[in-house]
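File shown: target10.cif (mmCIF, C-alpha atoms).
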```
data_data
#
loop_
_atom_site.group_PDB
_atom_site.id
_atom_site.type_symbol
_atom_site.label_atom_id
_atom_site.label_comp_id
_atom_site.auth_asym_id
_atom_site.auth_seq_id
_atom_site.Cartn_x
_atom_site.Cartn_y
_atom_site.Cartn_z
ATOM 1 C CA MET V 1 0.122 -8.895 -4.333
ATOM 2 C CA ALA V 2 -3.178 -8.943 -2.487
ATOM 3 C CA THR V 3 -6.628 -9.736 -3.767
ATOM 4 C CA TRP V 4 -8.945 -6.843 -2.960
ATOM 5 C CA THR V 5 -12.683 -6.842 -2.401
ATOM 6 C CA PRO V 6 -14.168 -4.752 -3.860
ATOM 7 C CA ASP V 7 -11.885 -4.589 -6.874
ATOM 8 C CA PRO V 8 -10.100 -1.192 -6.911
ATOM 9 C CA ALA V 9 -9.957 -1.330 -10.728
ATOM 10 C CA ILE V 10 -13.702 -0.707 -10.780
ATOM 11 C CA ILE V 11 -14.136 3.064 -10.916
ATOM 12 C CA PRO V 12 -15.909 4.373 -9.032
ATOM 13 C CA TRP V 13 -15.736 1.926 -6.167
ATOM 14 C CA LEU V 14 -18.724 3.723 -4.656
ATOM 15 C CA GLU V 15 -20.955 6.526 -5.940
ATOM 16 C CA VAL V 16 -23.038 8.686 -3.618
ATOM 17 C CA VAL V 17 -25.014 11.914 -3.694
ATOM 18 C CA ALA V 18 -23.313 14.796 -1.899
ATOM 19 C CA ASN V 19 -25.907 15.033 0.862
ATOM 20 C CA ALA V 20 -26.153 11.264 1.430
ATOM 21 C CA THR V 21 -25.194 9.371 4.523
ATOM 22 C CA PHE V 22 -23.664 5.963 4.007
ATOM 23 C CA VAL V 23 -21.726 3.077 5.452
ATOM 24 C CA ALA V 24 -19.774 1.356 2.685
ATOM 25 C CA ALA V 25 -19.300 -2.382 2.498
ATOM 26 C CA PRO V 26 -15.946 -3.344 4.057
ATOM 27 C CA ILE V 27 -12.789 -3.157 1.993
ATOM 28 C CA VAL V 28 -10.855 -6.390 2.436
ATOM 29 C CA ALA V 29 -7.468 -7.532 1.205
ATOM 30 C CA ALA V 30 -6.363 -11.160 1.276
ATOM 31 C CA ASP V 31 -2.907 -12.604 0.669
ATOM 32 C CA GLU V 32 -2.113 -15.369 -1.829
ATOM 33 C CA ASN V 33 -3.398 -17.973 0.670
ATOM 34 C CA GLY V 34 -6.712 -16.167 1.125
ATOM 35 C CA THR V 35 -5.809 -14.907 4.607
ATOM 36 C CA PRO V 36 -7.273 -11.450 5.273
ATOM 37 C CA ALA V 37 -5.016 -8.572 6.246
ATOM 38 C CA SER V 38 -4.346 -8.106 9.960
ATOM 39 C CA HIS V 39 -4.858 -4.331 9.784
ATOM 40 C CA TYR V 40 -5.142 -1.400 7.375
ATOM 41 C CA ASP V 41 -3.976 2.170 6.922
ATOM 42 C CA PHE V 42 -6.182 4.728 5.207
ATOM 43 C CA GLU V 43 -5.171 7.934 3.454
ATOM 44 C CA ILE V 44 -7.083 10.491 1.423
ATOM 45 C CA VAL V 45 -5.004 11.182 -1.681
ATOM 46 C CA GLY V 46 -7.158 14.000 -3.019
ATOM 47 C CA PRO V 47 -8.541 16.317 -4.126
ATOM 48 C CA ARG V 48 -8.044 17.567 -0.549
ATOM 49 C CA PRO V 49 -6.229 15.974 2.401
ATOM 50 C CA LYS V 50 -9.336 15.527 4.564
ATOM 51 C CA ILE V 51 -13.096 15.213 4.590
ATOM 52 C CA ILE V 52 -14.639 16.654 7.731
ATOM 53 C CA GLY V 53 -17.130 14.112 9.080
ATOM 54 C CA LEU V 54 -15.703 11.056 7.312
ATOM 55 C CA GLN V 55 -15.255 8.073 9.621
ATOM 56 C CA VAL V 56 -12.939 5.145 8.992
ATOM 57 C CA SER V 57 -12.925 2.047 11.172
ATOM 58 C CA GLN V 58 -11.602 -1.466 10.938
ATOM 59 C CA ASP V 59 -12.423 -4.787 12.489
ATOM 60 C CA GLU V 60 -12.304 -8.447 11.486
ATOM 61 C CA ALA V 61 -14.653 -7.684 8.553
ATOM 62 C CA GLY V 62 -12.194 -5.196 7.000
ATOM 63 C CA LEU V 63 -11.902 -1.431 6.607
ATOM 64 C CA VAL V 64 -15.202 0.478 6.666
ATOM 65 C CA ILE V 65 -15.661 4.018 5.367
ATOM 66 C CA ALA V 66 -18.738 5.917 6.525
ATOM 67 C CA VAL V 67 -20.439 9.287 6.522
ATOM 68 C CA PRO V 68 -23.018 8.882 9.298
ATOM 69 C CA GLN V 69 -24.490 12.379 9.053
ATOM 70 C CA VAL V 70 -25.008 14.880 6.253
ATOM 71 C CA ILE V 71 -21.872 16.969 5.747
ATOM 72 C CA THR V 72 -20.723 19.586 3.260
ATOM 73 C CA GLY V 73 -17.291 17.971 3.016
ATOM 74 C CA LEU V 74 -18.090 15.371 0.356
ATOM 75 C CA PHE V 75 -18.758 18.083 -2.219
ATOM 76 C CA PRO V 76 -16.978 21.069 -0.684
ATOM 77 C CA PRO V 77 -16.929 24.552 -2.155
ATOM 78 C CA VAL V 78 -13.880 25.693 -4.073
ATOM 79 C CA GLU V 79 -13.190 28.445 -1.539
ATOM 80 C CA ILE V 80 -14.739 30.598 1.173
ATOM 81 C CA GLU V 81 -13.393 34.070 1.942
ATOM 82 C CA TYR V 82 -14.138 35.662 5.305
ATOM 83 C CA GLN V 83 -13.122 38.685 7.393
ATOM 84 C CA ILE V 84 -12.098 38.979 11.020
ATOM 85 C CA PRO V 85 -12.308 42.368 12.786
ATOM 86 C CA LEU V 86 -9.050 43.553 14.355
ATOM 87 C CA ALA V 87 -8.628 45.466 17.618
ATOM 88 C CA ASP V 88 -7.332 48.543 15.749
ATOM 89 C CA GLY V 89 -10.561 48.742 13.729
ATOM 90 C CA GLY V 90 -9.054 47.118 10.661
ATOM 91 C CA ARG V 91 -10.036 43.816 9.143
ATOM 92 C CA GLN V 92 -8.105 40.689 8.297
ATOM 93 C CA THR V 93 -9.219 38.647 5.289
ATOM 94 C CA GLY V 94 -8.713 34.907 5.186
ATOM 95 C CA THR V 95 -9.763 31.920 3.123
ATOM 96 C CA CYS V 96 -10.691 28.340 3.897
ATOM 97 C CA LEU V 97 -11.945 25.302 2.032
ATOM 98 C CA ASP V 98 -15.093 24.350 3.967
ATOM 99 C CA PHE V 99 -17.572 25.787 6.461
ATOM 100 C CA PRO V 100 -16.298 24.045 9.616
ATOM 101 C CA GLU V 101 -12.918 25.704 8.959
ATOM 102 C CA ILE V 102 -14.277 29.271 9.218
ATOM 103 C CA PRO V 103 -12.753 30.749 12.397
ATOM 104 C CA ALA V 104 -15.203 31.617 15.177
ATOM 105 C CA ALA V 105 -13.829 35.181 15.176
ATOM 106 C CA ALA V 106 -14.893 35.720 11.544
ATOM 107 C CA ASP V 107 -17.809 38.126 11.449
ATOM 108 C CA GLU V 108 -18.408 38.305 7.705
ATOM 109 C CA ILE V 109 -18.474 35.910 4.758
ATOM 110 C CA ILE V 110 -17.071 37.902 1.829
ATOM 111 C CA ARG V 111 -17.106 35.356 -0.976
ATOM 112 C CA PHE V 112 -18.353 31.839 -1.498
ATOM 113 C CA THR V 113 -17.151 29.995 -4.598
ATOM 114 C CA PRO V 114 -19.227 26.857 -5.189
ATOM 115 C CA ARG V 115 -17.912 23.844 -7.032
ATOM 116 C CA LYS V 116 -19.697 23.766 -10.398
ATOM 117 C CA ALA V 117 -18.730 20.319 -11.700
ATOM 118 C CA PRO V 118 -21.491 17.694 -11.561
ATOM 119 C CA THR V 119 -19.246 15.147 -9.821
ATOM 120 C CA LEU V 120 -16.152 15.089 -7.648
ATOM 121 C CA ASP V 121 -13.887 12.050 -7.357
ATOM 122 C CA TRP V 122 -12.114 11.406 -4.056
ATOM 123 C CA THR V 123 -9.158 9.029 -4.155
ATOM 124 C CA PHE V 124 -8.499 6.903 -1.072
ATOM 125 C CA ARG V 125 -5.353 4.814 -0.629
ATOM 126 C CA VAL V 126 -5.768 1.736 1.529
ATOM 127 C CA THR V 127 -2.720 -0.221 2.678
ATOM 128 C CA ALA V 128 -3.239 -3.739 3.950
ATOM 129 C CA TYR V 129 -0.719 -5.344 6.304
ATOM 130 C CA PHE V 130 -0.467 -9.097 6.577
ATOM 131 C CA ALA V 131 0.469 -11.111 9.667
ATOM 132 C CA GLN V 132 3.713 -12.977 10.225
ATOM 133 C CA GLY V 133 5.881 -10.685 8.133
ATOM 134 C CA LYS V 134 4.066 -11.368 4.863
ATOM 135 C CA GLY V 135 4.359 -7.706 3.933
ATOM 136 C CA SER V 136 1.809 -5.189 2.734
ATOM 137 C CA ASP V 137 -0.037 -4.081 -0.369
ATOM 138 C CA SER V 138 -1.778 -0.828 -1.300
ATOM 139 C CA ALA V 139 -4.682 -0.020 -3.584
ATOM 140 C CA GLU V 140 -6.500 3.172 -4.522
ATOM 141 C CA PHE V 141 -10.285 3.416 -4.465
ATOM 142 C CA ILE V 142 -12.394 6.156 -6.057
ATOM 143 C CA LEU V 143 -15.436 7.562 -4.274
ATOM 144 C CA ARG V 144 -17.530 9.508 -6.790
ATOM 145 C CA VAL V 145 -19.755 12.189 -5.291
ATOM 146 C CA ARG V 146 -22.611 13.536 -7.392
ATOM 147 C CA ALA V 147 -23.455 17.186 -6.844
ATOM 148 C CA ASP V 148 -26.282 18.329 -4.627
ATOM 149 C CA TRP V 149 -25.772 21.953 -3.767
ATOM 150 C CA THR V 150 -28.353 21.912 -0.976
ATOM 151 C CA PRO V 151 -25.891 21.236 1.909
ATOM 152 C CA GLY V 152 -23.544 23.994 0.684
ATOM 153 C CA ARG V 153 -26.417 26.436 0.226
ATOM 154 C CA ASP V 154 -27.733 25.653 3.698
ATOM 155 C CA ALA V 155 -24.277 25.863 5.293
ATOM 156 C CA LEU V 156 -23.657 29.241 3.622
ATOM 157 C CA LYS V 157 -26.999 30.568 4.870
ATOM 158 C CA GLU V 158 -26.288 29.321 8.405
ATOM 159 C CA ALA V 159 -22.771 30.802 8.402
ATOM 160 C CA VAL V 160 -23.966 34.193 7.172
ATOM 161 C CA ASP V 161 -27.000 34.259 9.503
ATOM 162 C CA ALA V 162 -24.864 33.324 12.525
ATOM 163 C CA ARG V 163 -22.482 36.190 11.864
ATOM 164 C CA ARG V 164 -25.235 38.703 11.216
ATOM 165 C CA HIS V 165 -26.924 37.656 14.451
ATOM 166 C CA GLN V 166 -23.637 38.219 16.364
ATOM 167 C CA VAL V 167 -23.183 41.705 14.887
ATOM 168 C CA ARG V 168 -26.716 42.811 15.758
ATOM 169 C CA GLN V 169 -26.502 41.809 19.429
#
```

As structure tokens, the full file:
Amino acid sequence: MATWTPDPAIIPWLEVVANATFVAAPIVAADENGTPASHYDFEIVGPRPKIIGLQVSQDEAGLVIAVPQVITGLFPPVEIEYQIPLADGGRQTGTCLDFPEIPAAADEIIRFTPRKAPTLDWTFRVTAYFAQGKGSDSAEFILRVRADWTPGRDALKEAVDARRHQVRQ
């Protein structure tokens, strides 16, 4: 079993505001001799399988998780419903989980369901692999995101305005 820094038992491992940018301190695992892992795997366990704009890198210092620019993905809406015009004059309705996922062909935002909870916990699973066949170990880390509805509000306004501008041209 590896020794992890920071300790994954501390929840949350990191707490940020939804519209924050950050570069977290490296996550490092060491074997029983104190030798750091040779490499790491990273997986988002939930609440969704991905965060658009999240960057994960690794070097000799460990695994680094970063959000270098403001994104809506840390505190995403519950759901966005949109419509796409069809060639026969009809409309196709679809749903997605965040603004970057709205298809370019969508010309109308029908419904936006914001997340109303004050925080959202993301669970990340990090697997450390040790050199010379010493095996691997995994730990789960919790990133707690405190609500700030500003990025979602702004993204909704931009999405609606962009589609209205297309229709009027």

Check your understanding: Which residue out of V:Thr35, V:Ser138, V:Gln58, V:Gln69 has the minimum interatomic distance to V:Pro151 when all atoms listed in the file are used?
Key ->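 Using all atoms listed in the file, the shortest distance to V:Pro151 belongs to V:Gln69.
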
Practice item. To verify the selection step, state as an NGL selection string which residues the PyMOL selection byres ((chain V and resi 63) around 6) yields on this input. Key: :V and (26-27 or 57-58 or 62 or 64)

Review point. So what does the PyMOL selection byres ((chain V and resi 160) around 12) actually pick up in this one, as a ChimeraX atom specification?
Key: /V:80-83,99,102,106-112,153-159,161-167

Point to revise | Top pick for closest residue to V:Thr150, considering V:Gln55, V:Thr127, V:Gln132, V:Asn19 and counting only C-alpha atoms | key: V:Asn19

Review point. With all atoms listed in the file as the atoms that count, which of V:Val56, V:Ala87, V:Ala104, V:Ala18 lies nearest to V:Phe124?
Key: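 With all atoms listed in the file as the atom set, the closest residue is V:Val56.
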
Exercise for review: Quote the spacing between atom CA of V:Gly53 and atom CA of V:Pro77 in Å to one decimal place.
Suggested key: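 According to the coordinates, atom CA of V:Gly53 and atom CA of V:Pro77 are separated by 15.3 Å.
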
Got a minute to add N, CA and C atoms to stretch 30-66 of chain V and dump it as a compact mmCIF listing (two decimals), keeping the file's coordinate frame?
```txt
# COMPACT_ATOMS: atom_id res chain seq x y z
N ALA V 30 -6.79 -9.83 0.86
CA ALA V 30 -6.36 -11.16 1.28
C ALA V 30 -5.05 -11.49 0.58
N ASP V 31 -4.18 -12.22 1.27
CA ASP V 31 -2.91 -12.60 0.67
C ASP V 31 -3.12 -13.78 -0.28
N GLU V 32 -2.02 -14.30 -0.84
CA GLU V 32 -2.11 -15.37 -1.83
C GLU V 32 -2.74 -16.66 -1.28
N ASN V 33 -2.77 -16.81 0.04
CA ASN V 33 -3.40 -17.97 0.67
C ASN V 33 -4.85 -17.72 1.05
N GLY V 34 -5.34 -16.51 0.77
CA GLY V 34 -6.71 -16.17 1.12
C GLY V 34 -6.88 -15.65 2.54
N THR V 35 -5.76 -15.41 3.24
CA THR V 35 -5.81 -14.91 4.61
C THR V 35 -6.00 -13.40 4.59
N PRO V 36 -7.03 -12.90 5.27
CA PRO V 36 -7.27 -11.45 5.27
C PRO V 36 -6.14 -10.69 5.98
N ALA V 37 -6.02 -9.44 5.62
CA ALA V 37 -5.02 -8.57 6.25
C ALA V 37 -5.28 -8.46 7.75
N SER V 38 -4.20 -8.24 8.51
CA SER V 38 -4.35 -8.11 9.96
C SER V 38 -4.80 -6.70 10.34
N HIS V 39 -4.41 -5.70 9.55
CA HIS V 39 -4.86 -4.33 9.78
C HIS V 39 -4.61 -3.49 8.53
N TYR V 40 -5.18 -2.27 8.55
CA TYR V 40 -5.14 -1.40 7.38
C TYR V 40 -4.76 0.02 7.78
N ASP V 41 -4.16 0.73 6.82
CA ASP V 41 -3.98 2.17 6.92
C ASP V 41 -4.84 2.81 5.85
N PHE V 42 -5.31 4.02 6.12
CA PHE V 42 -6.18 4.73 5.21
C PHE V 42 -5.64 6.13 5.01
N GLU V 43 -5.65 6.59 3.76
CA GLU V 43 -5.17 7.93 3.45
C GLU V 43 -6.05 8.52 2.35
N ILE V 44 -6.39 9.79 2.49
CA ILE V 44 -7.08 10.49 1.42
C ILE V 44 -6.00 11.08 0.52
N VAL V 45 -6.00 10.69 -0.73
CA VAL V 45 -5.00 11.18 -1.68
C VAL V 45 -5.43 12.54 -2.23
N GLY V 46 -6.71 12.71 -2.50
CA GLY V 46 -7.16 14.00 -3.02
C GLY V 46 -8.61 13.94 -3.42
N PRO V 47 -9.17 15.06 -3.75
CA PRO V 47 -8.54 16.32 -4.13
C PRO V 47 -8.09 17.19 -2.95
N ARG V 48 -8.50 16.85 -1.74
CA ARG V 48 -8.04 17.57 -0.55
C ARG V 48 -7.56 16.54 0.46
N PRO V 49 -6.79 16.95 1.45
CA PRO V 49 -6.23 15.97 2.40
C PRO V 49 -7.20 15.44 3.44
N LYS V 50 -8.40 16.04 3.56
CA LYS V 50 -9.34 15.53 4.56
C LYS V 50 -10.77 15.81 4.15
N ILE V 51 -11.66 15.00 4.72
CA ILE V 51 -13.10 15.21 4.59
C ILE V 51 -13.63 15.30 6.01
N ILE V 52 -14.11 16.46 6.39
CA ILE V 52 -14.64 16.65 7.73
C ILE V 52 -15.91 15.82 7.86
N GLY V 53 -15.96 14.96 8.86
CA GLY V 53 -17.13 14.11 9.08
C GLY V 53 -16.99 12.70 8.56
N LEU V 54 -15.94 12.41 7.80
CA LEU V 54 -15.70 11.06 7.31
C LEU V 54 -15.18 10.20 8.45
N GLN V 55 -15.71 8.99 8.58
CA GLN V 55 -15.26 8.07 9.62
C GLN V 55 -14.70 6.81 8.98
N VAL V 56 -13.58 6.36 9.48
CA VAL V 56 -12.94 5.14 8.99
C VAL V 56 -12.69 4.25 10.19
N SER V 57 -13.13 3.00 10.08
CA SER V 57 -12.92 2.05 11.17
C SER V 57 -12.53 0.71 10.57
N GLN V 58 -11.97 -0.14 11.41
CA GLN V 58 -11.60 -1.47 10.94
C GLN V 58 -11.84 -2.48 12.03
N ASP V 59 -12.24 -3.65 11.59
CA ASP V 59 -12.42 -4.79 12.49
C ASP V 59 -12.14 -6.05 11.68
N GLU V 60 -12.59 -7.19 12.19
CA GLU V 60 -12.30 -8.45 11.49
C GLU V 60 -12.96 -8.50 10.11
N ALA V 61 -13.98 -7.69 9.85
CA ALA V 61 -14.65 -7.68 8.55
C ALA V 61 -13.87 -6.89 7.50
N GLY V 62 -12.97 -6.01 7.93
CA GLY V 62 -12.19 -5.20 7.00
C GLY V 62 -12.23 -3.73 7.37
N LEU V 63 -11.93 -2.88 6.41
CA LEU V 63 -11.90 -1.43 6.61
C LEU V 63 -13.24 -0.86 6.14
N VAL V 64 -13.89 -0.08 6.99
CA VAL V 64 -15.20 0.48 6.67
C VAL V 64 -15.11 2.00 6.63
N ILE V 65 -15.63 2.57 5.55
CA ILE V 65 -15.66 4.02 5.37
C ILE V 65 -17.12 4.45 5.48
N ALA V 66 -17.36 5.50 6.28
CA ALA V 66 -18.74 5.92 6.52
C ALA V 66 -18.85 7.42 6.63
```
